[in-house]
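*Asks:* Please find structure22.cif (mmCIF, C-alpha atoms (C1' of nucleotides)) on the next line:
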```
data_my_file
loop_
_atom_site.group_PDB
_atom_site.id
_atom_site.type_symbol
_atom_site.label_atom_id
_atom_site.label_comp_id
_atom_site.auth_asym_id
_atom_site.auth_seq_id
_atom_site.Cartn_x
_atom_site.Cartn_y
_atom_site.Cartn_z
ATOM 1 C CA MET A 1 -91.711 57.287 27.180
ATOM 2 C CA ASN A 2 -89.075 54.667 26.507
ATOM 3 C CA ARG A 3 -85.644 53.759 27.768
ATOM 4 C CA ILE A 4 -83.865 56.111 25.423
ATOM 5 C CA SER A 5 -85.894 59.147 26.380
ATOM 6 C CA ASN A 6 -85.654 58.210 30.060
ATOM 7 C CA ALA A 7 -81.888 58.013 29.715
ATOM 8 C CA TYR A 8 -81.912 61.493 28.218
ATOM 9 C CA GLU A 9 -83.614 62.907 31.279
ATOM 10 C CA SER A 10 -81.111 61.227 33.572
ATOM 11 C CA LEU A 11 -78.153 62.459 31.567
ATOM 12 C CA LEU A 12 -79.505 65.987 31.462
ATOM 13 C CA GLU A 13 -80.003 65.939 35.201
ATOM 14 C CA ALA A 14 -76.532 64.539 35.807
ATOM 15 C CA PHE A 15 -74.555 66.754 33.458
ATOM 16 C CA GLY A 16 -76.777 69.757 32.752
ATOM 17 C CA PRO A 17 -77.363 71.337 29.338
ATOM 18 C CA GLN A 18 -74.283 71.123 27.124
ATOM 19 C CA ASP A 19 -75.369 73.859 24.695
ATOM 20 C CA TRP A 20 -73.535 72.546 21.675
ATOM 21 C CA TRP A 21 -72.160 73.511 19.168
ATOM 22 C CA PRO A 22 -69.781 76.223 20.412
ATOM 23 C CA SER A 23 -69.080 78.506 17.422
ATOM 24 C CA GLU A 24 -69.611 81.969 16.011
ATOM 25 C CA SER A 25 -71.012 80.934 12.650
ATOM 26 C CA THR A 26 -72.442 77.960 10.823
ATOM 27 C CA PHE A 27 -69.344 77.690 8.664
ATOM 28 C CA GLU A 28 -67.193 77.588 11.779
ATOM 29 C CA THR A 29 -69.392 74.767 13.064
ATOM 30 C CA ALA A 30 -68.780 72.804 9.880
ATOM 31 C CA VAL A 31 -65.045 73.460 10.041
ATOM 32 C CA GLY A 32 -65.017 72.319 13.654
ATOM 33 C CA ALA A 33 -66.876 69.127 12.751
ATOM 34 C CA VAL A 34 -64.111 68.219 10.319
ATOM 35 C CA LEU A 35 -61.268 69.264 12.571
ATOM 36 C CA THR A 36 -62.468 67.306 15.587
ATOM 37 C CA GLN A 37 -62.604 63.990 13.711
ATOM 38 C CA ALA A 38 -60.762 61.463 15.890
ATOM 39 C CA THR A 39 -59.239 64.427 17.687
ATOM 40 C CA ALA A 40 -59.704 66.009 21.099
ATOM 41 C CA TRP A 41 -61.849 69.126 20.879
ATOM 42 C CA THR A 42 -59.147 71.232 22.560
ATOM 43 C CA ASN A 43 -56.856 70.502 19.615
ATOM 44 C CA ALA A 44 -59.564 71.305 17.097
ATOM 45 C CA GLU A 45 -60.183 74.571 18.967
ATOM 46 C CA ARG A 46 -56.559 75.565 18.616
ATOM 47 C CA ALA A 47 -56.738 75.048 14.894
ATOM 48 C CA ILE A 48 -59.962 77.062 14.698
ATOM 49 C CA SER A 49 -58.353 79.967 16.572
ATOM 50 C CA ARG A 50 -55.479 79.955 14.113
ATOM 51 C CA LEU A 51 -57.904 79.979 11.191
ATOM 52 C CA ARG A 52 -59.777 82.857 12.792
ATOM 53 C CA GLU A 53 -56.591 84.882 13.247
ATOM 54 C CA ALA A 54 -55.807 84.255 9.586
ATOM 55 C CA GLY A 55 -59.291 85.457 8.614
ATOM 56 C CA ALA A 56 -59.954 82.030 7.127
ATOM 57 C CA LEU A 57 -63.196 81.170 8.857
ATOM 58 C CA ARG A 58 -65.163 82.187 5.807
ATOM 59 C CA PRO A 59 -65.566 79.832 2.839
ATOM 60 C CA GLY A 60 -64.223 82.349 0.312
ATOM 61 C CA THR A 61 -61.032 83.166 2.175
ATOM 62 C CA LEU A 62 -60.426 79.575 3.207
ATOM 63 C CA PHE A 63 -60.924 78.411 -0.373
ATOM 64 C CA ARG A 64 -58.253 80.822 -1.583
ATOM 65 C CA LEU A 65 -55.612 79.791 0.926
ATOM 66 C CA GLU A 66 -52.565 77.965 -0.360
ATOM 67 C CA PRO A 67 -52.996 74.317 0.637
ATOM 68 C CA ALA A 68 -49.644 74.375 2.435
ATOM 69 C CA ARG A 69 -50.728 77.445 4.393
ATOM 70 C CA LEU A 70 -53.994 75.784 5.324
ATOM 71 C CA ARG A 71 -52.209 72.636 6.450
ATOM 72 C CA ASP A 72 -49.931 74.730 8.615
ATOM 73 C CA LEU A 73 -52.837 76.594 10.217
ATOM 74 C CA ILE A 74 -54.686 73.423 11.178
ATOM 75 C CA THR A 75 -51.640 71.460 12.337
ATOM 76 C CA PRO A 76 -52.750 71.359 16.002
ATOM 77 C CA ALA A 77 -55.816 69.301 15.031
ATOM 78 C CA GLY A 78 -53.763 66.525 13.460
ATOM 79 C CA PHE A 79 -54.313 64.652 10.176
ATOM 80 C CA SER A 80 -53.561 67.988 8.535
ATOM 81 C CA VAL A 81 -53.096 66.765 4.967
ATOM 82 C CA ARG A 82 -56.451 65.013 4.854
ATOM 83 C CA LYS A 83 -58.340 67.596 6.855
ATOM 84 C CA ALA A 84 -56.997 70.460 4.711
ATOM 85 C CA GLU A 85 -58.259 68.674 1.585
ATOM 86 C CA THR A 86 -61.625 68.164 3.233
ATOM 87 C CA LEU A 87 -61.929 71.784 4.337
ATOM 88 C CA LEU A 88 -61.091 72.936 0.827
ATOM 89 C CA GLY A 89 -63.709 70.544 -0.511
ATOM 90 C CA LEU A 90 -66.249 71.976 1.895
ATOM 91 C CA ALA A 91 -65.397 75.545 0.900
ATOM 92 C CA ALA A 92 -65.556 74.502 -2.759
ATOM 93 C CA LEU A 93 -69.145 73.356 -2.236
ATOM 94 C CA ALA A 94 -70.014 76.845 -1.048
ATOM 95 C CA GLU A 95 -68.064 78.477 -3.869
ATOM 96 C CA GLY A 96 -70.015 76.342 -6.297
ATOM 97 C CA SER A 97 -73.381 77.554 -4.996
ATOM 98 C CA GLU A 98 -75.023 80.735 -6.251
ATOM 99 C CA ALA A 99 -75.350 82.372 -2.877
ATOM 100 C CA GLY A 100 -72.378 80.538 -1.382
ATOM 101 C CA TRP A 101 -72.443 78.943 2.024
ATOM 102 C CA SER A 102 -75.821 80.349 3.079
ATOM 103 C CA ASP A 103 -77.289 78.695 -0.013
ATOM 104 C CA LEU A 104 -75.804 75.385 0.998
ATOM 105 C CA VAL A 105 -76.955 75.377 4.617
ATOM 106 C CA SER A 106 -80.467 76.261 3.569
ATOM 107 C CA LEU A 107 -80.776 73.110 1.452
ATOM 108 C CA GLY A 108 -83.239 70.467 2.596
ATOM 109 C CA GLU A 109 -81.860 67.733 4.806
ATOM 110 C CA ARG A 110 -81.466 65.098 2.095
ATOM 111 C CA ASP A 111 -79.797 67.420 -0.403
ATOM 112 C CA LEU A 112 -77.517 68.900 2.206
ATOM 113 C CA LEU A 113 -76.415 65.477 3.455
ATOM 114 C CA ALA A 114 -75.797 64.327 -0.113
ATOM 115 C CA SER A 115 -73.733 67.431 -0.885
ATOM 116 C CA LEU A 116 -71.687 67.066 2.258
ATOM 117 C CA ARG A 117 -71.112 63.349 1.692
ATOM 118 C CA SER A 118 -69.757 64.115 -1.777
ATOM 119 C CA VAL A 119 -66.733 65.728 -0.128
ATOM 120 C CA ARG A 120 -63.871 63.339 0.476
ATOM 121 C CA GLY A 121 -63.263 63.178 4.216
ATOM 122 C CA ILE A 122 -66.853 63.873 5.217
ATOM 123 C CA GLY A 123 -68.448 60.626 6.334
ATOM 124 C CA PRO A 124 -71.837 59.924 7.892
ATOM 125 C CA GLU A 125 -71.089 61.318 11.330
ATOM 126 C CA THR A 126 -69.515 64.565 10.163
ATOM 127 C CA ALA A 127 -72.290 65.150 7.636
ATOM 128 C CA ASP A 128 -74.936 64.577 10.291
ATOM 129 C CA ALA A 129 -73.132 66.842 12.756
ATOM 130 C CA ILE A 130 -73.057 69.667 10.209
ATOM 131 C CA ALA A 131 -76.684 69.090 9.181
ATOM 132 C CA LEU A 132 -77.750 69.117 12.829
ATOM 133 C CA TYR A 133 -75.620 71.785 14.452
ATOM 134 C CA ALA A 134 -75.060 74.138 11.513
ATOM 135 C CA ALA A 135 -78.256 73.727 9.494
ATOM 136 C CA GLY A 136 -80.644 72.814 12.320
ATOM 137 C CA HIS A 137 -81.979 69.620 10.726
ATOM 138 C CA ALA A 138 -83.341 66.980 13.086
ATOM 139 C CA THR A 139 -80.851 64.270 12.216
ATOM 140 C CA PHE A 140 -79.277 62.228 15.003
ATOM 141 C CA VAL A 141 -75.494 62.088 15.175
ATOM 142 C CA VAL A 142 -74.042 58.674 15.945
ATOM 143 C CA ASP A 143 -70.472 58.522 17.148
ATOM 144 C CA ALA A 144 -68.272 56.024 18.935
ATOM 145 C CA TYR A 145 -69.701 57.097 22.288
ATOM 146 C CA THR A 146 -73.249 56.579 21.055
ATOM 147 C CA ARG A 147 -72.403 53.103 19.862
ATOM 148 C CA ARG A 148 -70.772 52.175 23.167
ATOM 149 C CA PHE A 149 -73.712 53.490 25.097
ATOM 150 C CA ALA A 150 -76.267 51.644 22.964
ATOM 151 C CA GLU A 151 -74.377 48.357 23.032
ATOM 152 C CA ARG A 152 -73.423 48.468 26.677
ATOM 153 C CA HIS A 153 -76.983 49.056 27.730
ATOM 154 C CA ALA A 154 -78.409 46.468 25.367
ATOM 155 C CA LEU A 155 -80.363 49.047 23.377
ATOM 156 C CA ALA A 156 -78.859 47.897 20.108
ATOM 157 C CA ARG A 157 -77.291 44.723 18.846
ATOM 158 C CA GLU A 158 -73.532 44.501 18.848
ATOM 159 C CA GLY A 159 -72.028 45.751 15.616
ATOM 160 C CA ALA A 160 -75.168 47.621 14.527
ATOM 161 C CA GLU A 161 -74.770 49.742 11.388
ATOM 162 C CA TYR A 162 -74.548 53.530 11.613
ATOM 163 C CA ASP A 163 -78.007 53.987 10.108
ATOM 164 C CA GLU A 164 -79.487 51.384 12.402
ATOM 165 C CA LEU A 165 -78.295 53.263 15.478
ATOM 166 C CA LYS A 166 -79.405 56.567 14.024
ATOM 167 C CA ARG A 167 -82.887 55.200 13.384
ATOM 168 C CA LEU A 168 -83.082 53.747 16.879
ATOM 169 C CA PHE A 169 -82.562 57.160 18.471
ATOM 170 C CA GLU A 170 -84.719 59.031 15.990
ATOM 171 C CA GLU A 171 -87.615 56.633 16.437
ATOM 172 C CA SER A 172 -87.348 56.738 20.220
ATOM 173 C CA LEU A 173 -87.405 60.522 20.498
ATOM 174 C CA PRO A 174 -89.589 63.388 19.298
ATOM 175 C CA ARG A 175 -88.269 64.796 16.038
ATOM 176 C CA ASP A 176 -86.484 67.821 17.477
ATOM 177 C CA ALA A 177 -83.113 69.158 16.407
ATOM 178 C CA ARG A 178 -82.452 70.816 19.727
ATOM 179 C CA LEU A 179 -83.119 67.583 21.582
ATOM 180 C CA TYR A 180 -80.934 65.557 19.222
ATOM 181 C CA GLY A 181 -78.122 68.050 19.600
ATOM 182 C CA GLU A 182 -78.329 68.010 23.361
ATOM 183 C CA TYR A 183 -78.541 64.217 23.515
ATOM 184 C CA HIS A 184 -75.470 63.718 21.375
ATOM 185 C CA ALA A 185 -73.530 66.212 23.484
ATOM 186 C CA LEU A 186 -74.672 64.497 26.675
ATOM 187 C CA LEU A 187 -73.472 61.128 25.386
ATOM 188 C CA VAL A 188 -70.080 62.669 24.731
ATOM 189 C CA ALA A 189 -70.113 64.090 28.254
ATOM 190 C CA LEU A 190 -71.009 60.658 29.618
ATOM 191 C CA GLY A 191 -68.178 59.030 27.733
ATOM 192 C CA LYS A 192 -65.603 61.651 28.551
ATOM 193 C CA ARG A 193 -66.300 62.592 32.122
ATOM 194 C CA HIS A 194 -67.942 59.667 33.701
ATOM 195 C CA CYS A 195 -67.278 56.110 32.675
ATOM 196 C CA ARG A 196 -63.857 56.319 31.213
ATOM 197 C CA LYS A 197 -62.049 55.498 34.425
ATOM 198 C CA VAL A 198 -64.907 53.647 36.039
ATOM 199 C CA PRO A 199 -65.025 50.321 34.215
ATOM 200 C CA LEU A 200 -67.748 48.932 36.421
ATOM 201 C CA CYS A 201 -70.077 51.858 35.788
ATOM 202 C CA GLU A 202 -70.193 52.687 39.487
ATOM 203 C CA GLY A 203 -72.361 55.679 40.200
ATOM 204 C CA CYS A 204 -73.472 55.923 36.592
ATOM 205 C CA PRO A 205 -76.495 58.229 36.284
ATOM 206 C CA LEU A 206 -78.076 55.617 34.055
ATOM 207 C CA ALA A 207 -77.752 52.730 36.477
ATOM 208 C CA GLU A 208 -81.404 52.842 37.484
ATOM 209 C CA ASP A 209 -82.760 53.336 33.972
ATOM 210 C CA LEU A 210 -80.968 50.786 31.953
ATOM 211 C CA PRO A 211 -79.762 47.227 32.159
ATOM 212 C CA ILE A 212 -76.055 46.677 31.654
ATOM 213 C CA HIS A 213 -74.793 44.166 29.186
ATOM 214 C CA GLU A 214 -71.922 42.884 31.311
ATOM 215 C CA GLY A 215 -70.111 41.221 28.463
ATOM 216 C CA LEU A 216 -69.485 44.532 26.737
ATOM 217 C CA PRO A 217 -67.229 47.459 27.559
ATOM 218 C CA PRO A 218 -68.665 50.408 29.498
ATOM 219 C CA CYS A 219 -69.825 53.426 27.529
ATOM 220 C CA GLY A 220 -66.918 55.634 28.493
ATOM 221 C CA GLY A 221 -64.164 56.224 25.996
ATOM 222 C CA THR A 222 -64.146 55.329 22.361
ATOM 223 C CA SER A 223 -61.499 52.691 22.210
ATOM 224 C CA ALA A 224 -60.661 52.033 25.855
ATOM 225 C CA PHE A 225 -61.478 48.673 27.433
ATOM 226 C CA LYS A 226 -61.395 46.758 24.202
ATOM 227 C "C1'" DG B 1 -43.486 55.826 26.501
ATOM 228 C "C1'" DA B 2 -48.104 54.050 25.925
ATOM 229 C "C1'" DC B 3 -52.613 55.199 25.280
ATOM 230 C "C1'" DC B 4 -56.267 58.101 23.897
ATOM 231 C "C1'" DA B 5 -59.229 61.743 21.340
ATOM 232 C "C1'" DG B 6 -66.583 64.349 19.333
ATOM 233 C "C1'" DG B 7 -63.641 59.554 11.786
ATOM 234 C "C1'" DC B 8 -62.720 58.451 7.263
ATOM 235 C "C1'" DA B 9 -61.020 56.186 3.097
ATOM 236 C "C1'" DC B 10 -58.784 52.572 1.240
ATOM 237 C "C1'" DA B 11 -56.466 47.872 0.940
ATOM 238 C "C1'" DT B 12 -56.825 43.252 1.700
ATOM 239 C "C1'" DC B 13 -58.763 38.954 2.711
ATOM 240 C "C1'" DG C 1 -68.724 42.250 4.043
ATOM 241 C "C1'" DA C 2 -65.681 42.333 7.818
ATOM 242 C "C1'" DT C 3 -61.398 43.617 9.493
ATOM 243 C "C1'" DG C 4 -57.049 46.186 9.529
ATOM 244 C "C1'" DT C 5 -54.323 50.338 8.689
ATOM 245 C "C1'" DG C 6 -52.648 55.120 7.836
ATOM 246 C "C1'" DC C 7 -53.491 59.614 8.856
ATOM 247 C "C1'" DA C 8 -50.813 63.550 13.080
ATOM 248 C "C1'" DT C 9 -50.998 66.185 17.079
ATOM 249 C "C1'" DG C 10 -51.243 67.160 22.102
ATOM 250 C "C1'" DG C 11 -52.890 65.688 26.786
ATOM 251 C "C1'" DT C 12 -52.769 62.285 30.519
#
```
Any chance you could put this one into structure tokens?
*Replies:*
Amino acid sequence: MNRISNAYESLLEAFGPQDWWPSESTFETAVGAVLTQATAWTNAERAISRLREAGALRPGTLFRLEPARLRDLITPAGFSVRKAETLLGLAALAEGSEAGWSDLVSLGERDLLASLRSVRGIGPETADAIALYAAGHATFVVDAYTRRFAERHALAREGAEYDELKRLFEESLPRDARLYGEYHALLVALGKRHCRKVPLCEGCPLAEDLPIHEGLPPCGGTSAFK
DNA sequence: GACCAGGCACATC
DNA sequence: GATGTGCATGGT
């Protein structure tokens, strides 16, 4: 055991299983990963519902939408010009594969990540989220909450690179996609529900597991307490 | 009305 | 390479 796996147990006990990613298909998961970039999940959900009503939660139908129509459908999720381009790029990947989307999600981890990263608007976090939650690869997703958590609790150096943080978690935990998915979701829960309005980390479920680096902001929020 | 939310690409120094 | 900025909407 180590501090990172101990923290997982405490978070799970405090918040319960998060059962991410909520979706009806792997393509919907990927669409959601793009739509929720720097956006509250409730807004991304609205956009997903609109896509569903339009029958556009399949790569083929989404790919054939007029860009303006797509932008309109995803408006609630914000950044609609960029996100529409990205969703079309994602659907184009599937259109370019022999067996479409199912072909793509069955690629090996490296090939899938490379394909996803070739789409403008899909960066490291979004690619990892799709590889993990849609394709079931054991790849740890690092987001702003993860960084805050790792820095605040002195698990990583300040300003660590994305890959450095990813490696830290992967090397501290058994290689297990389900575990990675739950951990990432729990860190989001920690950031959203717990610390955001409690700058001193009072009552934090991690207080007994981990030291606090007092000079740094608490793990709640992504940009609060700068 | 300010601040924030499950990032990313690009410009500039 | 580090740091800053635009992208857009809806909740608090």
*Asks:* Mind pulling up the distance from C1' of DG6 in chain B to CA of Trp20 in chain A?
*Replies:* 11.0 Å
*Asks:* Once you count only C-alpha atoms (C1' of nucleotides), what closest atom pair and distance in Å to one decimal does each residue of chain A within 10 Å of chain C have, with rows by chain and rising residue number, as a tab-separated table?
*Replies:*
```
residue	atom	partner	partner_atom	distance
A:Thr39	CA	C:DT9	C1'	8.4
A:Ala40	CA	C:DG10	C1'	8.6
A:Thr42	CA	C:DG10	C1'	8.9
A:Asn43	CA	C:DG10	C1'	7.0
A:Ala44	CA	C:DT9	C1'	10.0
A:Thr75	CA	C:DT9	C1'	7.1
A:Pro76	CA	C:DT9	C1'	5.6
A:Ala77	CA	C:DT9	C1'	6.1
A:Gly78	CA	C:DA8	C1'	4.2
A:Phe79	CA	C:DA8	C1'	4.7
A:Ser80	CA	C:DA8	C1'	6.9
A:Val81	CA	C:DC7	C1'	8.1
A:Arg82	CA	C:DC7	C1'	7.3
A:Lys83	CA	C:DC7	C1'	9.6
```
*Asks:* Pull out every residue of chain B sitting within 12 Å of chain A, counting only C-alpha atoms (C1' of nucleotides), and send them as a CSV table (one decimal) with C-alpha atoms (C1' of nucleotides), in the frame of the given file.
*Replies:*
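Output (selection.csv):
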```csv
chain,number,residue,atom,x,y,z
B,3,DC,C1',-52.6,55.2,25.3
B,4,DC,C1',-56.3,58.1,23.9
B,5,DA,C1',-59.2,61.7,21.3
B,6,DG,C1',-66.6,64.3,19.3
B,7,DG,C1',-63.6,59.6,11.8
B,8,DC,C1',-62.7,58.5,7.3
B,9,DA,C1',-61.0,56.2,3.1
B,10,DC,C1',-58.8,52.6,1.2
```
*Asks:* For Gly181 in chain A, list every protein, DNA or RNA residue within 10 Å, evaluated using all atoms listed in the file, and leave out those in the same chain fewer than 2 positions away; present the list as a list in words.
*Replies:*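 In the requested form, the answer reads Gln18, Asp19, Trp20, Trp21, Ala129, Leu132, Tyr133, Gly136, His137, Ala138, Thr139, Phe140, Val141, Asp176, Ala177, Arg178, Leu179, Tyr183, His184, Ala185 and Leu186 of chain A.
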*Asks:* Report the distance between CA of Leu112 in chain A and CA of Leu88 in chain A in Å, rounded to one decimal place.
*Replies:*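 About the pair CA of Leu112 in chain A and CA of Leu88 in chain A: they are 17.0 Å apart.
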*Asks:* If you apply the PyMOL selection byres ((chain A and resi 91-102) around 7) to this file, what residues do you get, as a list in words?
*Replies:*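 Those residues are Pro59, Gly60, Leu62, Phe63, Leu87, Leu88, Gly89, Leu90, Asp103, Leu104, Val105 and Ser106 of chain A.
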*Asks:* Export, as an mmCIF file, in the coordinates of the input, the selected residues with C-alpha atoms.
*Replies:*
```
data_model
loop_
_atom_site.group_PDB
_atom_site.id
_atom_site.type_symbol
_atom_site.label_atom_id
_atom_site.label_comp_id
_atom_site.auth_asym_id
_atom_site.auth_seq_id
_atom_site.Cartn_x
_atom_site.Cartn_y
_atom_site.Cartn_z
ATOM 1 C CA PRO A 59 -65.566 79.832 2.839
ATOM 2 C CA GLY A 60 -64.223 82.349 0.312
ATOM 3 C CA LEU A 62 -60.426 79.575 3.207
ATOM 4 C CA PHE A 63 -60.924 78.411 -0.373
ATOM 5 C CA LEU A 87 -61.929 71.784 4.337
ATOM 6 C CA LEU A 88 -61.091 72.936 0.827
ATOM 7 C CA GLY A 89 -63.709 70.544 -0.511
ATOM 8 C CA LEU A 90 -66.249 71.976 1.895
ATOM 9 C CA ASP A 103 -77.289 78.695 -0.013
ATOM 10 C CA LEU A 104 -75.804 75.385 0.998
ATOM 11 C CA VAL A 105 -76.955 75.377 4.617
ATOM 12 C CA SER A 106 -80.467 76.261 3.569
#
```
*Asks:* Record the distance separating CA of Pro67 in chain A and CA of Ala84 in chain A, expressed in Å with one decimal.
*Replies:* 6.9 Å
*Asks:* List as a list of chain:residue names the residues having at least one atom at most 10 Å from position (-73.1, 43.8, 19.4) as given in the file, counting only C-alpha atoms (C1' of nucleotides).
*Replies:* A:Arg147, A:Arg148, A:Ala150, A:Glu151, A:Arg152, A:Ala154, A:Leu155, A:Ala156, A:Arg157, A:Glu158, A:Gly159, A:Ala160, A:His213, A:Gly215, A:Leu216
